[in-house]
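A.B. asks: Can you keep this structure in mind? I'll have questions shortly.
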Amino acid sequence: MTARIHLSAAKIAISIFGAVAIAACATVSNDEPSQSHQEIARAVHLKSLVIDAHADIVIPSTSRSYMSADGTSKVSPEKLRAGGVGGIVMSIAVGPGPRTAEADADARKLADEKMLAIQGLLSTNKDTLLLATSVPDIEVAKAAGKTAVVLGFQNARSLQGNIQALDSFYDQGVRVFGLNHLAHNDFSDSSRPNYISATSSYEIREQHGGLSQLGVEAIKRINDLGAIVDVSQLSENATLQTIALSRSPVIASHSNVKAITNVTRNLSDQEIDQIGKSGGVIHIAAFGAYLVDLSKEETLHAIREVRLKHGLPQTYSYPYELYWELPDAGSKRAFLLEMRSVIGPGSIQDMLNHIDYIVERIGVDHVGIGNDFNHGSGIEGYADASESFNLTLALIERGYSPQDIEKIWGANFLRVFQTAKSLKRPL
């Protein structure tokens, strides 16, 4: 493992942490981190405002396969505290569904259920969690030794076609808004056009050519509210149009690099470049299927074979697509286990490769962490929020400076949050 900026990292670390950092200049064994690197990493982790820009809230219907082995949330208050996480964006996310008024009403009911679940979590954990609607709120939480919970929103289906519904979510504390998830909706095209069912064809690749007029108005309204625009899950055209339209820098709250892992869900170089030019931030997710290299022919063949065995189409936008249509919990679990054995769970080193790519392409000011815990994420060494320190240690070993790690963990997110708030217009 080669440090990218080894010498400068060591110099900065020496100035901050004293003589203990001198030994960190030496080459570190891949088998056992040096004690000095451990000490530096712990000091950096403690000093940094560790922010995860995307996680799902657990409700009774959440699949056990998404949660920890003991059936609890991967971002439970206990795990957040154990991992030194100072801020987390809890997403009020809904999945795809029919494009009908009834289905949109169901989506709103689900969003309301998740909002109540987050409010309940905050109410019962006042000693460790604090609702944050601004950067100062996050700083107050940090000073009090608490985790700041920022509310996120994903998939405009729950707006029921009404732009003013954005205000309702904002009034309840939502500060990060993403228009899409899986499948196109009335506001935007998705990076993952959905199969209607396992036996039918894809939706058309693009319905709106990016954003619809509703989507355009939604982005303007999010800007006016002073909230953050999130482009994760949007199609490439929708992402580029959003960046061009938004008055504020955007984030991708949980997106990885397509050049490394070629799935439609990840960001192209053009999207990466434009996010960087806008001053935005791309948050890398600890999600194996979006981290590992899937380009090898033997891997592609094995993925197709697993899908064929379980009766799923061999054409897909990402390997796990449509597993939720399998007939029962046993068949779903069997598919997930087989597919994971083919792809592998991913590792922190895979995650660092995506971080390196963003840093080398557009700079360290434009990368962050957004794990998508409780919705499929969890890799070797970073299974849940309690293991957040392992990423800090790996960044130190890779050669990142303490200042760069502070940016990656939270300072970049805070900058965008503050900028969005500063551009708020009178409502």
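By order in the structure tokens, chains are A, B, ...; within a chain, residues start at 1; ligands start at 1, following the order shown.
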Which residues come within 6 Å of region 226-241 of chain A, counting only C-alpha atoms, excluding same-chain residues fewer than 2 positions away, as a PyMOL selection string?
C.D. replies: chain A and resi 175-178+180-181+189-191+210-211+222-224+243-244+250-253+255+420-421+423-424
A.B. asks: Taking only region 197-413 of chain A into account, list the residues labelled strand (DSSP E or B) by DSSP (computed from the backbone), as a list in words.
C.D. replies: Tyr202, Leu211, Ile228, Val229, Asp230, Leu234, Ile251, Ala252, Val257, Leu267, Val281, Ile282, His283, Ile284, Ser347, Val367, Gly368, Ile369, Phe373, Ile379, Glu380 and Tyr382 of chain A
A.B. asks: Using only C-alpha atoms, pick whichever of A:Leu414, A:Asn194, A:Phe373, A:Arg425 has the shortest atom-to-atom distance to Met67 (chain A).
C.D. replies: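 Of A:Leu414, A:Asn194, A:Phe373, A:Arg425, the one nearest Met67 (chain A) is A:Phe373, counting only C-alpha atoms.
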A.B. asks: Which is closest to Gly173 (chain A) among A:Glu360, A:Gln160, A:Leu131, A:His208, if we use only C-alpha atoms?
C.D. replies: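 Looking at the shortest contact to Gly173 (chain A), the residue is A:Leu131.
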A.B. asks: One decimal, in Å: what's the spacing between CA of Lys407 (chain A) and CA of Gln172 (chain A)?
C.D. replies: 28.3 Å
A.B. asks: Write out as JSON lines the residues of region 337-419 of chain A that have any atom within 10 Å of an atom of region 311-330 of chain A, one row each with the nearest atom pair and its distance in Å to one decimal, counting only C-alpha atoms, sorted by chain and then rising number.
C.D. replies:
{"residue": "A:Met339", "atom": "CA", "partner": "A:Tyr320", "partner_atom": "CA", "distance": 7.5}
{"residue": "A:Arg340", "atom": "CA", "partner": "A:Tyr320", "partner_atom": "CA", "distance": 9.2}
{"residue": "A:Ile343", "atom": "CA", "partner": "A:Pro319", "partner_atom": "CA", "distance": 8.8}
